[in-house]
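**Q** One structure is given below, represented as structure tokens, and several questions about it will come after.
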Amino acid sequence: MIQWLVFFLFSGIAVLSALGVVFLPNPIYVILALLSVLVSVAGLFFIAGAELVGAIQLLIYAVAVTVFYVFVLTAVPWEKAIKKDPFYRVEGLISFPLVLALYVEMVLVFLIGVSVSPKGQFRELITKFGNTEVVGAILFSKYFLAFELVSLVLLIGMIGAVIIGRKEAQTYEDHSS
Amino acid sequence: MKTIPLEAYLIVSIVLFGLGVFGMIVRRNLVTVLMSMELALNAVNVLFVGADSHLSLVDGQIFALFIIALAAAEAAVGLGIIIAIFRLRKVDSTDEITDMRG
């Protein structure tokens, strides 16, 4: 019962803040709403029993990535952008039924996939050792190559961000308008 | 102990993902488009972890960790591109970047 209560609390906060992310006009309010979504999604992870993923969500997403977004928002001049209409209204109305059809398809595919997938493989292990130990054991045995590849992707991303973000000697004018 | 059923996680995840994709389409501002993308990635994470607690597996949590790492890399590169565009071009919405139009 208390589990349902906490689940509805966190999912309600997440959905409300996601509405804020999509529909608030000011970028600073949008980043605050995104922070609220991230924290409540971490709460959902804790309810689901994934303590490691919840903690990493709080540490990396809700701290590092959000602070990074705030830095970018302070580095960019927003005065002109705030005055304009922040939405594509007509395009949004046209694309809405297409997006809805896509979701119905996703739900069907997911439910079919759940009905045929294996069930309860690690339940005794999780109750015996705890979630984090089991995740670590599987991560460093079955998914070890993928783990190393992720570290390589992070290195490449870091180098790319430094190269893209460095100062260039000249600026280019916008010829299209 | 009775756990939350999979359908509840599915509903939350679908709603969050839908709002994320809708925000990517509707938003005119580059940084808010990236934030909507983070919203969609988080929705996928919710579904992975919820399916994990339903099936008593841990593979979904490992994939959620991978998604978090890749989202951090994506945020770094994407925001670097946005800062470069702002510094070089002085544009402020996505419909002013039309150089690739044929």
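The way I read the labels, and the way they are meant: chains A, B, ... in the order of the structure tokens, residue 1 as the first residue of every chain, and ligand 1 as the first ligand shown, with later ones counted on from there.
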Excluding segment 97-101 of chain A and any residue of its chain fewer than 5 positions from it, enumerate the residues within 10 Å of it, using only C-alpha atoms, and give them as an MDAnalysis selection string.

**A** (chainID A and resid 92 106) or (chainID B and resid 18:19 21:22 25)

**Q** For the selection you just gave me, I'd like the residues written to a file as a PDB file, in the first residue's frame, keeping C-alpha atoms.

**A**
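The result, written out as selection07.pdb:
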```pdb
ATOM      1  CA  GLY A  92       2.870  20.113 -33.393  1.00  0.00           C
ATOM      2  CA  MET A 106       5.255   0.518 -28.947  1.00  0.00           C
TER       3      MET A 106
ATOM      4  CA  GLY B  18       5.420  10.936 -25.587  1.00  0.00           C
ATOM      5  CA  LEU B  19       5.971  14.288 -23.939  1.00  0.00           C
ATOM      6  CA  VAL B  21       9.100  13.376 -28.488  1.00  0.00           C
ATOM      7  CA  PHE B  22       6.353  15.980 -28.648  1.00  0.00           C
ATOM      8  CA  ILE B  25       8.934  18.405 -32.425  1.00  0.00           C
TER       9      ILE B  25
END
```

**Q** Could you list, as a ChimeraX atom specification, every residue of chain B that has an atom within 8 Å of an atom of chain A, counting only C-alpha atoms?

**A** /B:3-4,10,12,14-16,18-23,25-29,31-32,35-36,39,42,46,49-50,53,55-59,61-62,64-66,68-70,72-77,79-81,83-84,86-89,92-93,98-99
